[in-house]
file protein_11.cif (mmCIF, C-alpha atoms and all ligand atoms)
data_structure
loop_
_atom_site.label_atom_id
_atom_site.label_comp_id
_atom_site.auth_asym_id
_atom_site.auth_seq_id
_atom_site.Cartn_x
_atom_site.Cartn_y
_atom_site.Cartn_z
CA MET Y 39 0.00 0.00 0.00
CA ASN Y 40 1.37 3.43 -0.94
CA LEU Y 41 1.51 5.82 1.99
CA TRP Y 42 1.43 8.82 -0.37
CA LYS Y 43 0.72 9.54 -4.06
CA GLU Y 44 3.00 12.50 -4.80
CA TYR Y 45 6.40 13.44 -3.36
CA LEU Y 46 7.80 16.95 -3.91
CA HIS Y 47 11.39 18.17 -3.41
CA PRO Y 48 11.39 21.98 -3.01
CA GLN Y 49 14.82 23.63 -2.89
CA THR Y 50 13.79 26.87 -1.13
CA VAL Y 51 11.49 27.86 1.71
CA GLN Y 52 9.29 29.78 -0.72
CA GLU Y 53 8.91 26.75 -2.99
CA ALA Y 54 8.01 24.61 0.02
CA VAL Y 55 5.26 26.86 1.36
CA GLU Y 56 3.85 27.40 -2.14
CA ALA Y 57 3.78 23.63 -2.62
CA LEU Y 58 1.93 23.26 0.68
CA ALA Y 59 -0.59 25.87 -0.48
CA SER Y 60 -1.16 24.52 -4.00
CA ALA Y 61 -0.31 20.79 -4.26
CA THR Y 62 -3.08 18.20 -4.30
CA PRO Y 63 -4.37 17.84 -0.73
CA PRO Y 64 -4.04 16.41 1.82
CA VAL Y 65 -0.50 17.77 1.76
CA ILE Y 66 2.01 17.81 4.61
CA PRO Y 67 5.72 18.55 5.10
CA ILE Y 68 8.18 15.80 5.94
CA ALA Y 69 11.70 16.20 7.36
CA GLY Y 70 13.49 13.16 8.87
CA GLY Y 71 10.26 11.17 8.74
CA THR Y 72 10.96 9.41 12.05
CA ASP Y 73 7.61 10.46 13.53
CA LEU Y 74 5.55 10.92 10.39
CA MET Y 75 6.38 7.64 8.64
CA LEU Y 76 5.50 5.60 11.71
CA ASP Y 77 2.28 7.54 12.18
CA LEU Y 78 1.28 6.96 8.53
CA GLN Y 79 2.25 3.28 8.62
CA GLN Y 80 0.41 2.64 11.87
CA GLY Y 81 -2.70 4.58 10.86
CA ASN Y 82 -2.16 7.24 13.54
CA HIS Y 83 -2.15 9.99 10.92
CA ALA Y 84 -4.89 10.78 8.42
CA PRO Y 85 -3.96 9.62 4.88
CA VAL Y 86 -1.95 12.08 2.80
CA HIS Y 87 -1.81 12.62 -0.94
CA THR Y 88 1.32 14.82 -1.17
CA LEU Y 89 4.47 14.89 0.93
CA VAL Y 90 6.64 18.02 0.71
CA ASP Y 91 10.21 16.98 1.56
CA LEU Y 92 12.05 19.76 3.42
CA THR Y 93 15.47 18.11 3.50
CA GLY Y 94 16.78 19.78 0.29
CA ILE Y 95 16.30 23.33 1.59
CA ALA Y 96 19.73 24.76 2.49
CA GLU Y 97 18.28 27.50 4.71
CA LEU Y 98 16.82 24.89 7.06
CA HIS Y 99 20.28 23.41 7.65
CA ALA Y 100 21.95 26.61 8.92
CA LEU Y 101 23.42 26.61 12.43
CA GLU Y 102 25.14 29.95 13.01
CA ILE Y 103 25.30 33.17 14.99
CA ARG Y 104 23.11 35.93 13.59
CA GLY Y 105 23.67 39.21 15.43
CA GLU Y 106 22.91 38.65 19.12
CA LYS Y 107 21.23 35.27 18.55
CA LEU Y 108 22.05 31.68 17.74
CA PHE Y 109 20.04 30.43 14.76
CA ILE Y 110 19.36 26.69 14.45
CA GLY Y 111 17.59 25.65 11.25
CA ALA Y 112 14.52 23.47 11.65
CA GLY Y 113 16.10 20.84 9.40
CA VAL Y 114 19.21 20.39 11.54
CA PRO Y 115 19.31 16.81 12.84
CA HIS Y 116 19.84 16.13 16.53
CA ASN Y 117 23.33 14.68 16.11
CA ARG Y 118 24.58 17.89 14.48
CA ILE Y 119 23.30 19.92 17.41
CA VAL Y 120 25.07 17.59 19.84
CA GLU Y 121 28.37 17.97 17.97
CA SER Y 122 28.13 21.72 17.29
CA PRO Y 123 30.59 23.87 19.32
CA LEU Y 124 28.18 26.80 18.94
CA ALA Y 125 25.28 24.83 20.40
CA GLN Y 126 27.53 23.45 23.14
CA GLU Y 127 28.47 27.01 24.09
CA HIS Y 128 25.06 28.69 23.87
CA ALA Y 129 22.45 25.93 24.19
CA GLN Y 130 23.62 23.41 26.79
CA SER Y 131 20.15 22.14 27.73
CA LEU Y 132 19.31 21.58 24.06
CA VAL Y 133 22.57 19.71 23.41
CA GLU Y 134 21.91 17.44 26.39
CA ALA Y 135 18.33 16.83 25.27
CA CYS Y 136 19.24 16.07 21.64
CA GLY Y 137 21.99 13.69 22.79
CA LEU Y 138 19.40 11.54 24.57
CA ILE Y 139 16.85 11.31 21.74
CA GLY Y 140 16.39 7.80 20.33
CA GLY Y 141 19.59 6.06 19.20
CA PRO Y 142 22.31 7.15 16.76
CA GLN Y 143 20.26 6.27 13.66
CA VAL Y 144 17.28 8.32 14.83
CA ARG Y 145 19.52 11.24 15.82
CA ASN Y 146 21.13 11.21 12.37
CA SER Y 147 17.87 11.80 10.53
CA ALA Y 148 15.37 13.22 13.05
CA THR Y 149 15.31 17.03 13.05
CA LEU Y 150 14.73 19.65 15.71
CA GLY Y 151 11.95 21.16 13.58
CA GLY Y 152 10.13 17.83 13.43
CA ASN Y 153 10.51 17.37 17.18
CA VAL Y 154 8.86 20.75 17.78
CA ALA Y 155 6.26 20.63 14.99
CA HIS Y 156 4.96 17.27 16.19
CA ALA Y 157 3.73 19.26 19.22
CA LEU Y 158 4.07 16.58 21.89
CA PRO Y 159 4.32 18.10 25.37
CA ALA Y 160 7.32 15.96 26.40
CA ALA Y 161 9.42 16.06 23.21
CA ASP Y 162 12.98 16.24 24.51
CA GLY Y 163 14.42 18.76 22.03
CA MET Y 164 11.38 20.96 22.54
CA ILE Y 165 11.79 21.03 26.34
CA GLY Y 166 15.54 21.69 26.03
CA LEU Y 167 14.79 24.60 23.71
CA LEU Y 168 11.93 26.05 25.74
CA ALA Y 169 14.14 26.85 28.75
CA LEU Y 170 16.38 28.87 26.42
CA ASP Y 171 13.63 31.35 25.60
CA ALA Y 172 13.75 30.42 21.92
CA GLU Y 173 11.57 31.87 19.20
CA ALA Y 174 10.48 30.07 16.05
CA GLU Y 175 10.74 31.64 12.60
CA VAL Y 176 7.64 30.60 10.66
CA ALA Y 177 7.24 31.01 6.89
CA ALA Y 178 3.95 31.23 4.97
CA PRO Y 179 3.55 31.92 1.22
CA ALA Y 180 3.22 35.69 1.76
CA SER Y 181 4.98 36.31 5.08
CA ARG Y 182 7.57 35.40 7.67
CA ARG Y 183 7.09 35.89 11.39
CA CYS Y 184 8.89 35.14 14.65
CA VAL Y 185 6.80 33.66 17.45
CA PRO Y 186 7.63 32.63 21.00
CA LEU Y 187 7.92 28.85 21.02
CA GLN Y 188 4.88 28.26 23.21
CA GLU Y 189 2.59 29.96 20.70
CA LEU Y 190 3.19 27.06 18.31
CA PHE Y 191 1.00 24.66 20.30
CA LEU Y 192 -2.74 24.14 20.65
CA GLY Y 193 -2.80 20.77 22.46
CA PRO Y 194 -1.14 17.36 22.56
CA GLY Y 195 0.02 16.63 18.99
CA LYS Y 196 -1.74 19.77 17.71
CA SER Y 197 0.47 22.51 16.37
CA ALA Y 198 -0.78 26.02 15.71
CA LEU Y 199 0.97 26.08 12.32
CA LYS Y 200 -1.36 26.62 9.36
CA ALA Y 201 -1.39 24.03 6.60
CA ASP Y 202 0.79 26.19 4.33
CA GLU Y 203 3.33 27.17 7.00
CA ILE Y 204 6.66 25.66 7.96
CA ILE Y 205 9.16 26.33 10.72
CA VAL Y 206 12.33 27.75 9.18
CA GLY Y 207 14.36 27.64 12.38
CA PHE Y 208 14.81 28.77 15.95
CA THR Y 209 16.61 31.77 17.41
CA LEU Y 210 17.82 31.96 20.98
CA PRO Y 211 19.80 34.52 22.96
CA LEU Y 212 23.55 33.98 23.12
CA ARG Y 213 24.79 32.82 26.51
CA LYS Y 214 26.39 35.57 28.58
CA PRO Y 215 28.85 35.19 31.48
CA HIS Y 216 27.24 33.60 34.58
CA GLN Y 217 24.38 32.12 32.57
CA ALA Y 218 23.98 28.37 32.02
CA SER Y 219 21.38 25.69 31.36
CA ALA Y 220 20.92 21.96 31.90
CA PHE Y 221 18.54 19.15 30.91
CA ASN Y 222 17.53 16.00 32.72
CA ARG Y 223 15.07 13.23 31.99
CA VAL Y 224 13.80 9.88 33.20
CA MET Y 225 13.07 7.26 30.55
CA ARG Y 226 11.66 3.75 30.85
CA ALA Y 227 14.29 1.08 30.39
CA GLN Y 228 14.26 0.27 26.64
CA GLY Y 229 11.73 3.03 26.20
CA ILE Y 230 11.51 4.75 22.84
CA ALA Y 231 10.11 8.02 21.61
CA LEU Y 232 9.13 9.88 24.76
CA PRO Y 233 10.38 10.06 28.34
CA ILE Y 234 8.45 9.53 31.55
CA LEU Y 235 9.43 13.07 32.49
CA ASN Y 236 11.94 15.65 31.38
CA LEU Y 237 12.98 19.04 32.69
CA ALA Y 238 15.29 21.80 31.52
CA THR Y 239 16.45 24.82 33.44
CA TRP Y 240 18.34 27.99 32.59
CA LEU Y 241 19.63 30.45 35.14
CA GLU Y 242 21.76 33.52 35.59
CA ARG Y 243 23.74 33.88 38.78
CA ASP Y 244 25.03 36.94 40.53
CA GLY Y 245 27.46 35.72 43.19
CA GLU Y 246 25.35 33.47 45.42
CA THR Y 247 22.05 34.88 44.12
CA ILE Y 248 19.85 33.60 41.31
CA ARG Y 249 19.31 36.68 39.18
CA ALA Y 250 16.80 34.95 36.85
CA ALA Y 251 15.64 31.42 36.08
CA ARG Y 252 13.63 29.54 33.49
CA ILE Y 253 12.18 26.05 33.86
CA SER Y 254 10.46 23.84 31.29
CA VAL Y 255 8.89 20.45 32.04
CA GLY Y 256 7.26 17.76 29.95
CA PRO Y 257 4.72 16.33 30.11
CA ALA Y 258 3.16 18.75 32.59
CA GLY Y 259 0.05 19.86 30.73
CA PRO Y 260 -1.42 19.59 27.24
CA THR Y 261 1.37 21.68 25.69
CA PRO Y 262 5.09 22.13 26.50
CA PHE Y 263 5.12 23.78 29.93
CA ARG Y 264 7.07 26.76 31.32
CA ALA Y 265 6.92 27.01 35.12
CA ARG Y 266 6.55 30.76 35.26
CA GLN Y 267 5.40 31.00 38.89
CA THR Y 268 8.41 29.03 40.04
CA GLU Y 269 10.69 31.10 37.82
CA ALA Y 270 9.33 34.28 39.49
CA LEU Y 271 9.81 32.77 42.94
CA LEU Y 272 13.47 31.98 42.23
CA ALA Y 273 14.43 35.41 40.88
CA GLY Y 274 16.57 37.31 43.40
CA LYS Y 275 16.86 34.42 45.88
CA ILE Y 276 20.07 33.05 47.40
CA PHE Y 277 20.83 29.61 45.93
CA SER Y 278 20.32 27.39 49.00
CA PRO Y 279 18.57 24.17 50.05
CA GLU Y 280 15.68 26.32 51.35
CA THR Y 281 15.29 28.05 47.99
CA ILE Y 282 15.35 24.73 46.12
CA ALA Y 283 12.74 23.33 48.52
CA ALA Y 284 10.49 26.37 47.94
CA ALA Y 285 10.92 25.99 44.17
CA GLN Y 286 10.03 22.29 44.38
CA GLY Y 287 6.82 23.12 46.27
CA SER Y 288 5.93 25.83 43.79
CA LEU Y 289 6.55 23.56 40.80
CA LEU Y 290 4.34 20.85 42.27
CA ALA Y 291 1.60 23.43 42.75
CA GLU Y 292 1.66 24.82 39.20
CA ALA Y 293 2.48 21.78 37.01
CA LYS Y 294 -0.41 19.53 35.96
CA PHE Y 295 0.76 15.93 35.81
CA ARG Y 296 -1.41 13.18 34.41
CA THR Y 297 -1.29 9.42 34.31
CA SER Y 298 -0.34 7.97 30.95
CA PRO Y 299 -0.96 4.19 30.91
CA ALA Y 300 2.14 3.34 28.83
CA ARG Y 301 4.56 5.48 30.77
CA ALA Y 302 3.85 6.60 34.34
CA THR Y 303 1.30 7.66 36.89
CA ALA Y 304 0.80 11.29 37.83
CA GLU Y 305 1.95 10.44 41.38
CA TYR Y 306 5.22 8.98 40.14
CA ARG Y 307 5.83 12.05 38.01
CA ARG Y 308 5.29 14.27 41.06
CA GLU Y 309 7.93 12.24 42.92
CA LEU Y 310 10.35 12.57 40.01
CA VAL Y 311 9.95 16.22 39.17
CA VAL Y 312 11.38 17.50 42.45
CA VAL Y 313 14.50 15.40 41.92
CA LEU Y 314 14.90 16.49 38.30
CA LEU Y 315 14.50 20.13 39.33
CA LYS Y 316 17.13 19.91 42.06
CA ASN Y 317 19.60 18.08 39.81
CA ALA Y 318 19.17 20.34 36.79
CA MET Y 319 19.28 23.55 38.89
CA SER Y 320 22.44 22.39 40.64
CA LYS Y 321 24.11 21.49 37.35
CA ALA Y 322 23.22 24.83 35.75
CA TRP Y 323 24.30 26.69 38.91
CA ASP Y 324 27.77 25.08 38.88
CA ARG Y 325 28.14 25.75 35.16
CA ALA Y 326 27.23 29.42 35.60
CA LYS Y 327 30.14 30.11 37.98
C1 LIG X 401 12.99 4.84 17.69
C2 LIG X 401 12.59 6.26 17.97
C3 LIG X 401 13.03 6.85 19.14
C4 LIG X 401 12.68 8.16 19.43
N1 LIG X 401 13.11 8.71 20.61
C5 LIG X 401 12.76 9.98 20.94
C6 LIG X 401 13.18 10.55 22.18
O1 LIG X 401 13.90 9.93 22.96
N2 LIG X 401 12.76 11.81 22.46
C7 LIG X 401 11.97 12.54 21.60
O2 LIG X 401 11.65 13.68 21.90
N3 LIG X 401 11.56 12.01 20.42
C8 LIG X 401 11.92 10.76 20.06
N4 LIG X 401 11.50 10.21 18.88
C9 LIG X 401 10.60 11.00 18.02
C10 LIG X 401 11.26 11.67 16.79
O3 LIG X 401 12.46 11.08 16.40
C11 LIG X 401 11.53 13.15 17.01
O4 LIG X 401 10.37 13.82 17.43
C12 LIG X 401 12.08 13.82 15.75
O5 LIG X 401 12.80 14.95 16.14
C13 LIG X 401 11.06 14.18 14.67
O6 LIG X 401 11.78 14.83 13.62
P1 LIG X 401 11.62 14.37 12.10
O7 LIG X 401 12.51 15.25 11.32
O8 LIG X 401 11.82 12.92 11.93
O9 LIG X 401 10.09 14.75 11.85
P2 LIG X 401 9.06 14.16 10.80
O10 LIG X 401 8.66 12.79 11.20
O11 LIG X 401 9.57 14.35 9.42
O12 LIG X 401 7.83 15.17 11.04
C14 LIG X 401 7.13 15.19 12.26
C15 LIG X 401 6.01 16.21 12.14
O13 LIG X 401 6.54 17.51 12.03
C16 LIG X 401 6.15 18.15 10.80
N5 LIG X 401 7.34 18.89 10.38
C17 LIG X 401 8.61 18.44 10.26
N6 LIG X 401 9.44 19.46 10.00
C18 LIG X 401 8.67 20.59 9.92
C19 LIG X 401 8.96 21.97 9.70
N7 LIG X 401 10.20 22.42 9.49
N8 LIG X 401 7.92 22.83 9.70
C20 LIG X 401 6.66 22.41 9.92
N9 LIG X 401 6.33 21.12 10.16
C21 LIG X 401 7.33 20.23 10.16
C22 LIG X 401 5.73 17.01 9.88
O14 LIG X 401 4.75 17.45 8.95
C23 LIG X 401 5.14 16.02 10.89
O15 LIG X 401 3.83 16.41 11.22
C24 LIG X 401 11.86 8.90 18.54
C25 LIG X 401 11.42 8.30 17.35
C26 LIG X 401 11.78 7.00 17.07
C27 LIG X 401 11.30 6.38 15.79
#

call {"tool": "encode", "arguments": {"input": "protein_11.cif", "output": "structure tokens", "more": "lines below"}}
Ligand SMILES: Cc1cc2nc3c(=O)[nH]c(=O)nc-3n(C[C@H](O)[C@H](O)[C@H](O)COP(=O)(O)OP(=O)(O)OC[C@H]3O[C@@H](n4cnc5c(N)ncnc54)[C@H](O)[C@@H]3O)c2cc1C
result
Amino acid sequence: MNLWKEYLHPQTVQEAVEALASATPPVIPIAGGTDLMLDLQQGNHAPVHTLVDLTGIAELHALEIRGEKLFIGAGVPHNRIVESPLAQEHAQSLVEACGLIGGPQVRNSATLGGNVAHALPAADGMIGLLALDAEAEVAAPASRRCVPLQELFLGPGKSALKADEIIVGFTLPLRKPHQASAFNRVMRAQGIALPILNLATWLERDGETIRAARISVGPAGPTPFRARQTEALLAGKIFSPETIAAAQGSLLAEAKFRTSPARATAEYRRELVVVLLKNAMSKAWDRAK
């Protein structure tokens, strides 16, 4: 059985979005295909007529500094992010997240754009990126816009992208002195695809004080979650066991954990998240010295 009827190879972003707007529907972009092919094969995705292959678009493969930001193209595969000195310097939580995704074969073909566009609340690359305050550059046939990452999601597996839009890439602030990030996750033994729980944190330190912090957790709600109340609580506090304990309490109060039959109960996730928070905060704190 054919999973599609037509396969297009655009060479530019403009060609890709025009193909999405005008090719015979249903039409959908494909990057590494590690999520999409399985979903089509297993009947978890509505049938498609046309696939628009994004892998030939050079712009989507850029990984470079642009002004005051690091730009990572949506078509960059996870292994390239792991090996990139620029990403290692400016996006530590993302590098750690991408290094844990699947196995080497998956990391060679699966892209950061696909990880984000699939819109799962616990996608590892997505959570690593969210703590870095990244924005997504989104292209449509007649426009380009930059949106905060969280505006890309409507619900589990539901992205806010329109049918003729693609993610071109992600921009994130360059790391300054005394800033650092870290990522941590718990996965079932021999688990594939998604973790039981993951958490990324970014912080800026001023001596013994946390000047600012960002925390992302998945899955902790229907869309990738930023713990903004806990971030506000941490700002200006001395880094101490008491502060970590207060942050753990705050995170438990604001995150919404659920039981997923294949992975973990909500109670187990509540037990895990306080440990992940402490470990990731401590790692980022030491790195930010
Ligand atoms: C064995 C295995 C293990 C895995 N392990 C993990 C894991 O540990 N952690 C984890 O988070 N994920 C994991 N995954 C899931 C998957 O590999 C990642 O989510 C991957 O990053 C998806 O990228 P892709 O390029 O393959 O996307 P694709 O499958 O090509 O596309 C996924 C979705 O995104 C859309 N899309 C892709 N690129 C764009 C774009 N630029 N703009 C707009 N829409 C786009 C597609 O239309 C599709 O809907 C695993 C998958 C497998 C098969």

call {"tool": "residues_near_ligand", "arguments": {"input": "protein_11.cif", "ligand": "ligand LIG 401 (chain X)", "cutoff": "6 Å", "atoms": "only C-alpha atoms and all ligand atoms", "output": "VMD selection string"}}
result
chain Y and resid 66 to 74 112 138 to 140 144 148 to 153 155 to 156 161 to 163 204 to 206 230 to 232

call {"tool": "atom_distance", "arguments": {"input": "protein_11.cif", "atom1": "atom CA of Y:Pro64", "atom2": "atom CA of Y:Ile95"}}
result
21.5 Å

call {"tool": "atom_distance", "arguments": {"input": "protein_11.cif", "atom1": "atom CA of Y:Pro85", "atom2": "atom CA of Y:Glu44"}}
result
12.3 Å

call {"tool": "residues_around", "arguments": {"input": "protein_11.cif", "residues": "stretch 265-271 of chain Y", "least_positions_apart": "5", "cutoff": "10 Å", "atoms": "only C-alpha atoms", "output": "NGL selection string"}}
result
:Y and (169 or 239-241 or 250-255 or 258 or 281 or 284-293)

call {"tool": "residues_around", "arguments": {"input": "protein_11.cif", "residues": "Y:Ala160", "least_positions_apart": "6", "cutoff": "7 Å", "atoms": "only C-alpha atoms", "output": "PyMOL selection string"}}
result
chain Y and resi 232-233+236+256-257+262

call {"tool": "closest_residue", "arguments": {"input": "protein_11.cif", "among": "Y:Ala273, Y:Leu315, Y:Leu235, Y:Ala177", "to": "Y:Phe295", "atoms": "all atoms listed in the file"}}
result
Y:Leu235

call {"tool": "atom_distance", "arguments": {"input": "protein_11.cif", "atom1": "atom CA of Y:Leu192", "atom2": "atom CA of Y:Met164"}}
result
14.6 Å

call {"tool": "residues_around", "arguments": {"input": "protein_11.cif", "residues": "Y:Ala96", "least_positions_apart": "2", "cutoff": "9 Å", "atoms": "all atoms listed in the file", "output": "PyMOL selection string"}}
result
chain Y and resi 49-51+93-94+98-100+113

call {"tool": "write_last_selection", "arguments": {"input": "protein_11.cif", "atoms": "C-alpha atoms", "output": "PDB file, keeping the file's coordinate frame"}}
result
ATOM      1  CA  GLN Y  49      14.820  23.630  -2.890  1.00  0.00           C
ATOM      2  CA  THR Y  50      13.790  26.870  -1.130  1.00  0.00           C
ATOM      3  CA  VAL Y  51      11.490  27.860   1.710  1.00  0.00           C
ATOM      4  CA  THR Y  93      15.470  18.110   3.500  1.00  0.00           C
ATOM      5  CA  GLY Y  94      16.780  19.780   0.290  1.00  0.00           C
ATOM      6  CA  LEU Y  98      16.820  24.890   7.060  1.00  0.00           C
ATOM      7  CA  HIS Y  99      20.280  23.410   7.650  1.00  0.00           C
ATOM      8  CA  ALA Y 100      21.950  26.610   8.920  1.00  0.00           C
ATOM      9  CA  GLY Y 113      16.100  20.840   9.400  1.00  0.00           C
TER      10      GLY Y 113
END

call {"tool": "closest_residue", "arguments": {"input": "protein_11.cif", "among": "Y:Gln79, Y:Thr209, Y:Gln126, Y:Ser219", "to": "Y:Gly105", "atoms": "all atoms listed in the file"}}
result
Y:Thr209

call {"tool": "closest_residue", "arguments": {"input": "protein_11.cif", "among": "Y:Arg145, Y:Lys321, Y:Lys43, Y:His128", "to": "Y:Val114", "atoms": "only C-alpha atoms"}}
result
Y:Arg145
